[in-house]
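Engineer: Structure file input-v4.cif (mmCIF, C-alpha atoms and all ligand atoms) right here:
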```
data_work
#
loop_
_atom_site.label_atom_id
_atom_site.label_comp_id
_atom_site.auth_asym_id
_atom_site.auth_seq_id
_atom_site.Cartn_x
_atom_site.Cartn_y
_atom_site.Cartn_z
CA MET A 373 0.00 0.00 0.00
CA ARG A 374 1.22 3.55 -0.81
CA LYS A 375 2.28 5.54 2.27
CA PRO A 376 0.23 8.70 2.86
CA ARG A 377 2.01 12.04 2.45
CA ARG A 378 3.60 13.30 5.71
CA LEU A 379 1.76 16.52 6.55
CA SER A 380 3.35 19.57 8.18
CA PRO A 381 2.67 20.56 11.83
CA GLU A 382 0.48 23.40 10.52
CA GLU A 383 -1.64 20.96 8.52
CA LEU A 384 -2.00 18.63 11.54
CA ALA A 385 -2.80 21.43 14.01
CA PRO A 386 -6.60 21.64 13.36
CA TYR A 387 -6.92 17.97 14.31
CA GLN A 388 -4.87 18.11 17.52
CA VAL A 389 -5.80 19.25 21.00
CA ASP A 390 -3.16 20.27 23.51
CA LEU A 391 -3.86 19.58 27.19
CA PRO A 392 -0.56 20.40 28.93
CA ASP A 393 -1.93 19.41 32.37
CA ALA A 394 -2.49 15.84 31.17
CA SER A 395 0.71 15.55 29.14
CA PRO A 396 2.58 12.28 29.84
CA SER A 397 5.74 14.30 30.58
CA ARG A 398 4.07 16.60 33.14
CA LYS A 399 3.76 15.41 36.76
CA PRO A 400 0.48 16.48 38.45
CA LEU A 401 1.07 19.38 40.88
CA PRO A 402 -0.73 18.85 44.21
CA ASP A 403 -1.77 22.51 44.70
CA ALA A 404 -2.50 23.43 41.09
CA PRO A 405 -5.89 25.02 40.34
CA PRO A 406 -8.35 22.70 38.54
CA PRO A 407 -7.56 22.63 34.80
CA PRO A 408 -10.18 23.85 32.32
CA ARG A 409 -12.75 21.30 31.08
CA ILE A 410 -13.14 20.72 27.34
CA ASP A 411 -16.03 22.55 25.67
CA TRP A 412 -17.08 20.01 23.00
CA SER A 413 -19.30 22.46 21.08
CA ALA A 414 -16.47 24.98 20.83
CA LEU A 415 -13.96 22.28 19.87
CA PHE A 416 -16.00 20.65 17.09
CA GLY A 417 -18.19 23.60 16.11
CA ASN A 418 -21.41 21.62 16.59
CA ASP A 419 -23.48 19.81 19.25
CA HIS A 420 -23.17 16.28 17.85
CA PRO A 421 -22.69 13.41 20.33
CA VAL A 422 -19.07 12.83 21.36
CA GLU A 423 -17.31 9.46 21.42
CA VAL A 424 -13.95 9.12 23.19
CA GLU A 425 -11.40 6.46 22.22
CA VAL A 426 -8.75 5.69 24.83
CA GLY A 427 -5.36 4.50 23.50
CA PHE A 428 -6.05 4.78 19.76
CA GLY A 429 -2.62 3.54 18.63
CA LYS A 430 -2.37 3.90 14.85
CA GLY A 431 -5.89 5.32 14.64
CA LEU A 432 -7.77 2.86 12.41
CA PHE A 433 -10.97 3.11 14.47
CA LEU A 434 -10.91 6.93 14.51
CA VAL A 435 -10.46 7.11 10.74
CA THR A 436 -13.11 4.50 9.89
CA ALA A 437 -15.65 5.83 12.38
CA GLY A 438 -14.96 9.46 11.48
CA VAL A 439 -15.62 8.77 7.79
CA ALA A 440 -18.67 6.53 8.37
CA ARG A 441 -20.38 8.75 10.94
CA PRO A 442 -20.03 12.47 10.17
CA ASP A 443 -22.93 13.15 12.58
CA ARG A 444 -20.78 12.06 15.58
CA ASN A 445 -17.61 13.65 16.98
CA PHE A 446 -14.61 11.49 17.90
CA PHE A 447 -11.98 12.49 20.46
CA GLY A 448 -8.96 10.17 20.64
CA LEU A 449 -6.51 9.96 23.53
CA GLU A 450 -3.08 8.40 23.11
CA ILE A 451 -0.15 8.56 25.51
CA VAL A 452 2.58 7.96 22.89
CA ARG A 453 3.31 11.02 20.77
CA LYS A 454 4.59 9.13 17.70
CA TYR A 455 1.26 7.22 17.48
CA GLN A 456 -0.68 10.44 17.89
CA LEU A 457 1.27 11.96 14.99
CA TYR A 458 0.83 8.86 12.83
CA ALA A 459 -2.94 8.67 13.43
CA THR A 460 -3.45 12.43 13.10
CA ASN A 461 -1.72 12.33 9.74
CA ARG A 462 -4.27 9.74 8.55
CA ILE A 463 -7.12 11.90 9.87
CA ALA A 464 -5.76 15.14 8.37
CA VAL A 465 -5.13 13.53 4.94
CA ARG A 466 -8.85 12.69 4.87
CA GLN A 467 -9.77 16.13 6.29
CA LEU A 468 -12.13 14.75 8.94
CA PRO A 469 -13.47 17.75 10.89
CA ASN A 470 -15.28 15.42 13.35
CA VAL A 471 -12.08 13.75 14.64
CA LYS A 472 -9.54 15.28 17.05
CA THR A 473 -6.61 13.67 18.82
CA CYS A 474 -4.78 14.48 22.03
CA CYS A 475 -1.46 13.17 23.34
CA ALA A 476 -2.16 12.68 27.02
CA ASP A 477 -2.69 10.20 29.82
CA ALA A 478 -6.34 9.23 29.37
CA LYS A 479 -6.74 8.60 33.10
CA ARG A 480 -5.94 12.25 33.79
CA VAL A 481 -8.03 13.57 30.92
CA LEU A 482 -11.16 11.69 31.96
CA LYS A 483 -10.72 12.71 35.58
CA ASN A 484 -9.77 16.36 35.13
CA HIS A 485 -10.68 17.63 31.67
CA ILE A 486 -13.99 16.13 30.56
CA VAL A 487 -17.30 17.55 31.69
CA GLU A 488 -19.43 15.15 33.73
CA GLY A 489 -22.17 13.47 31.66
CA SER A 490 -20.93 14.93 28.35
CA VAL A 491 -19.83 11.79 26.45
CA ALA A 492 -22.03 9.39 24.45
CA THR A 493 -19.55 6.49 24.22
CA VAL A 494 -16.13 5.59 25.62
CA HIS A 495 -14.20 3.00 23.57
CA VAL A 496 -11.28 1.06 25.03
CA PHE A 497 -9.77 -1.40 22.56
CA PHE A 498 -6.93 -3.79 23.40
CA PRO A 499 -5.32 -1.94 26.32
CA ASP A 500 -1.80 -3.10 27.19
CA PRO A 501 -1.98 -5.87 29.81
CA TRP A 502 1.26 -4.88 31.60
CA TRP A 503 1.97 -8.35 32.96
CA LYS A 504 5.04 -7.46 35.01
CA THR A 505 4.47 -6.40 38.64
CA ARG A 506 6.80 -3.40 38.25
CA HIS A 507 4.61 -2.11 35.37
CA LYS A 508 1.29 -2.48 37.21
CA LYS A 509 1.06 1.27 37.84
CA ARG A 510 0.71 1.76 34.06
CA LEU A 511 -2.42 -0.40 33.98
CA LEU A 512 -5.23 1.64 32.41
CA PHE A 513 -8.39 -0.04 33.65
CA THR A 514 -8.20 0.56 37.40
CA PRO A 515 -11.32 0.98 39.57
CA GLU A 516 -10.59 4.73 39.56
CA PHE A 517 -10.54 4.79 35.76
CA ALA A 518 -13.81 2.82 35.62
CA ALA A 519 -15.38 5.39 37.97
CA SER A 520 -14.14 8.22 35.71
CA VAL A 521 -15.70 6.51 32.68
CA LEU A 522 -19.03 6.35 34.48
CA THR A 523 -18.75 10.02 35.47
CA VAL A 524 -18.05 11.34 31.96
CA LEU A 525 -20.78 9.25 30.29
CA GLN A 526 -24.23 10.71 29.84
CA VAL A 527 -27.15 8.62 31.12
CA GLY A 528 -27.80 6.00 28.40
CA GLY A 529 -24.19 6.40 27.19
CA HIS A 530 -22.05 3.36 26.41
CA LEU A 531 -18.72 1.85 27.36
CA HIS A 532 -17.32 -0.42 24.64
CA PHE A 533 -14.46 -2.63 25.77
CA VAL A 534 -12.48 -5.16 23.71
CA SER A 535 -9.43 -7.21 24.67
CA ASP A 536 -7.49 -10.23 23.47
CA VAL A 537 -6.38 -11.03 27.05
CA LYS A 538 -8.84 -13.24 28.93
CA ASP A 539 -7.45 -12.36 32.39
CA TYR A 540 -7.61 -8.64 31.65
CA PHE A 541 -11.13 -8.97 30.28
CA GLU A 542 -12.25 -10.84 33.40
CA MET A 543 -10.55 -8.28 35.65
CA VAL A 544 -12.41 -5.43 33.89
CA THR A 545 -15.71 -7.36 34.03
CA ALA A 546 -15.22 -7.88 37.77
CA THR A 547 -14.25 -4.23 38.32
CA LEU A 548 -17.31 -2.93 36.47
CA ALA A 549 -19.58 -5.30 38.40
CA THR A 550 -18.58 -3.52 41.62
CA ILE A 551 -19.64 -0.09 40.30
CA ALA A 552 -23.33 0.69 40.60
CA GLY A 553 -24.47 2.48 37.47
CA PHE A 554 -23.17 0.20 34.70
CA ARG A 555 -25.75 -2.06 33.04
CA VAL A 556 -24.39 -4.97 30.97
CA LEU A 557 -25.53 -5.02 27.32
CA PRO A 558 -25.20 -7.87 24.81
CA PRO A 559 -21.68 -7.80 23.35
CA PRO A 560 -21.34 -6.41 19.82
CA ASP A 561 -20.86 -8.97 17.02
CA ALA A 562 -17.61 -9.09 15.13
CA ASN A 563 -17.96 -8.07 11.45
CA GLU A 564 -16.82 -10.19 8.50
CA PRO A 565 -13.99 -8.07 7.07
CA VAL A 566 -14.25 -7.49 3.33
CA HIS A 567 -10.88 -5.75 2.93
CA ASP A 568 -7.71 -5.23 4.92
CA MET A 569 -8.84 -1.98 6.56
CA ASP A 570 -12.24 -3.44 7.52
CA TYR A 571 -11.29 -4.15 11.13
CA LEU A 572 -12.11 -2.35 14.35
CA THR A 573 -8.46 -1.47 15.05
CA ASN A 574 -4.95 -2.42 13.99
CA PHE A 575 -4.64 -4.79 16.94
CA GLU A 576 -7.96 -6.42 16.10
CA ARG A 577 -6.70 -7.08 12.56
CA LYS A 578 -3.45 -8.59 13.88
CA PHE A 579 -5.13 -10.85 16.44
CA ARG A 580 -7.95 -12.01 14.16
CA LYS A 581 -5.43 -12.92 11.46
CA GLU A 582 -3.52 -14.91 14.09
CA GLY A 583 -6.79 -16.67 15.03
CA ARG A 584 -6.63 -15.46 18.63
CA PRO A 585 -9.88 -15.24 20.64
CA ILE A 586 -11.23 -11.72 21.19
CA TYR A 587 -13.39 -10.73 24.15
CA ARG A 588 -15.95 -7.97 23.66
CA SER A 589 -18.31 -6.21 26.03
CA ARG A 590 -20.66 -3.27 26.12
CA TYR A 591 -22.17 -1.42 29.07
CA GLU A 592 -24.76 1.29 29.42
CA LYS A 593 -24.83 4.02 32.05
CA ALA A 594 -28.14 3.46 33.81
C1 LIG B 601 -2.05 -2.43 22.76
S1 LIG B 601 -2.20 -0.84 22.10
C2 LIG B 601 -3.78 -0.90 21.23
C3 LIG B 601 -3.91 0.25 20.25
C4 LIG B 601 -5.29 0.32 19.56
N1 LIG B 601 -6.34 0.52 20.53
C5 LIG B 601 -5.56 -0.92 18.73
O1 LIG B 601 -6.42 -1.71 19.15
O2 LIG B 601 -4.92 -1.07 17.68
C6 LIG B 601 -2.63 0.14 23.53
C7 LIG B 601 -2.50 1.64 23.27
O3 LIG B 601 -2.92 2.36 24.43
C8 LIG B 601 -2.00 3.43 24.64
N2 LIG B 601 -2.09 3.80 26.08
C9 LIG B 601 -1.64 3.08 27.13
N3 LIG B 601 -1.89 3.71 28.29
C10 LIG B 601 -2.54 4.87 27.96
C11 LIG B 601 -3.06 5.96 28.73
N4 LIG B 601 -2.95 5.99 30.06
N5 LIG B 601 -3.64 6.97 28.06
C12 LIG B 601 -3.72 6.97 26.69
N6 LIG B 601 -3.24 5.97 25.93
C13 LIG B 601 -2.67 4.92 26.54
C14 LIG B 601 -0.67 2.84 24.21
O4 LIG B 601 0.30 3.83 23.92
C15 LIG B 601 -1.07 2.05 22.97
O5 LIG B 601 -1.05 2.83 21.80
#
```
Show the structure stored in the file as structure tokens.
Ligand SMILES: C[S@@+](CC[C@H](N)C(=O)[O-])C[C@H]1O[C@@H](n2cnc3c(N)ncnc32)[C@H](O)[C@@H]1O

Structural biologist:
Amino acid sequence: MRKPRRLSPEELAPYQVDLPDASPSRKPLPDAPPPPRIDWSALFGNDHPVEVEVGFGKGLFLVTAGVARPDRNFFGLEIVRKYQLYATNRIAVRQLPNVKTCCADAKRVLKNHIVEGSVATVHVFFPDPWWKTRHKKRLLFTPEFAASVLTVLQVGGHLHFVSDVKDYFEMVTATLATIAGFRVLPPPDANEPVHDMDYLTNFERKFRKEGRPIYRSRYEKA
């Protein structure tokens, strides 16, 4: 496949959001005033429902969903800058005004920067399992993160979670079961891909091609 043209920082800028308080390189300051919350209408220039993807990696979901659903806004969070740049390039090449990306720690963004009850869907696809004990603090789906997801969702909003790791999936299922306010929905079906980009994410494509099992769940904020 032909590589897309590398766009300049100026061309990427309209698709990127800077939240210095949640930057992976910035330590939280204990006495800092509360950071400003994101105004979705001002950011996207409309009042369409907002979907947040946590850890978008190379951005396949954001691109596919942004093209397919122009009546929804997509806000992607990714902690690794080089992935943010890669995905934003794909988004900017297609000039998708309904998709924005942010390089930040999603745990901090959900807790400090998103208005309570303002999000229609939170997507978390294939989070890193961080097997080693010394890496446990990097684990995304902690009880605190689950509580933040519930807080940012509007009533009737959805959490969509997918993993290839059975233990991680069961840990998240158990965590969510302890939080009043999440109602379990039937899991979404996997599609039958008709071309090589017809997958939920890059990791989904890799794992399905390897024949690995994939665990899917969906919750609603009651
Ligand atoms: C295993 S990859 C999956 C990428 C993508 N979701 C997919 O399915 O192709 C997990 C991604 O989550 C990102 N990530 C990990 N912790 C994060 C955090 N606290 N905030 C935002 N992104 C995070 C990683 O940098 C990585 O790109």

Engineer: Smallest atom-to-atom distance to Arg409 of chain A: which of A:Glu488, A:Glu423, A:Glu450, A:Asp443, using all atoms listed in the file?

Structural biologist: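 Using all atoms listed in the file, Arg409 of chain A sits closest to A:Glu488.
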
Engineer: Check which residues of segment 529-592 of chain A sit at most 12 Å from segment 494-498 of chain A using all atoms listed in the file, and return one row each with the closest pair of atoms and their distance in Å to one decimal, ordered by chain and rising number, as CSV.

Structural biologist:
```
residue,atom,partner,partner_atom,distance
A:Gly529,CA,A:Val494,CA,8.3
A:His530,CA,A:Val494,CA,6.4
A:Leu531,CA,A:Val494,CA,4.9
A:His532,CA,A:His495,CA,4.8
A:Phe533,CA,A:Val496,CA,4.9
A:Val534,CA,A:Phe497,CA,4.8
A:Ser535,CA,A:Phe498,CA,4.4
A:Asp536,CA,A:Phe498,CA,6.5
A:Val537,CA,A:Phe498,CA,8.1
A:Lys538,CA,A:Phe498,CA,11.1
A:Tyr540,CA,A:Phe498,CA,9.6
A:Phe541,CA,A:Phe498,CA,9.6
A:Val544,CA,A:Val496,CA,11.0
A:Tyr571,CA,A:Phe497,CA,11.9
A:Leu572,CA,A:Phe497,CA,8.6
A:Thr573,CA,A:Phe497,CA,7.6
A:Asn574,CA,A:Phe498,CA,9.7
A:Phe575,CA,A:Phe498,CA,6.9
A:Glu576,CA,A:Phe498,CA,7.8
A:Arg577,CA,A:Phe498,CA,11.3
A:Lys578,CA,A:Phe498,CA,11.2
A:Phe579,CA,A:Phe498,CA,10.1
A:Ile586,CA,A:Phe498,CA,9.3
A:Tyr587,CA,A:Phe498,CA,9.5
A:Arg588,CA,A:Phe497,CA,9.1
A:Ser589,CA,A:Val496,CA,10.2
A:Arg590,CA,A:His495,CA,9.4
A:Tyr591,CA,A:Val494,CA,9.9
A:Glu592,CA,A:Val494,CA,10.4
```

Engineer: Distance limit 10 Å, reference ligand LIG 601 (chain B), atoms considered: only C-alpha atoms and all ligand atoms. Which residues make the cut? Give them as a PyMOL selection string.

Structural biologist: chain A and resi 394-396+425-434+448-456+474-482+495-502+509-513+517+534-536+571-579

Engineer: Interatomic distance between atom CA of Val465 of chain A and atom CA of Asp393 of chain A?

Structural biologist: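 Interatomic distance here is 28.2 Å.
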
Engineer: Which is closest to Pro392 of chain A among A:Val422, A:Thr514, A:Pro407, A:Lys508, if we use all atoms listed in the file?

Structural biologist: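 That would be A:Pro407, the residue with the smallest distance to Pro392 of chain A.
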
Engineer: Report, in Å to a single decimal, how far apart atom CA of Leu525 of chain A and atom CA of Lys472 of chain A are.

Structural biologist: 18.4 Å

Engineer: What does the distance from atom CA of Ala492 of chain A to atom CA of Ala518 of chain A come to in Å, to one decimal?

Structural biologist: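 Going from atom CA of Ala492 of chain A over to atom CA of Ala518 of chain A covers 15.3 Å.
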
Engineer: Could you check which of A:Lys483, A:His567, A:Arg506, A:Asn461 is closest to Glu382 of chain A, using only C-alpha atoms?

Structural biologist: A:Asn461

Engineer: Choose the residue, out of A:Gly528, A:Pro402, A:Gly489, A:Pro376, that has the smallest atom-to-atom separation from Leu557 of chain A; count all atoms listed in the file.

Structural biologist: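 Going through A:Gly528, A:Pro402, A:Gly489, A:Pro376 one by one, the smallest distance to Leu557 of chain A is for A:Gly528.
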
Engineer: Return the single residue from A:Lys581, A:Asp390, A:Thr473, A:Asp570 that is closest to Tyr458 of chain A, with distances computed using all atoms listed in the file.

Structural biologist: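 Selected residue with least distance to Tyr458 of chain A: A:Thr473.
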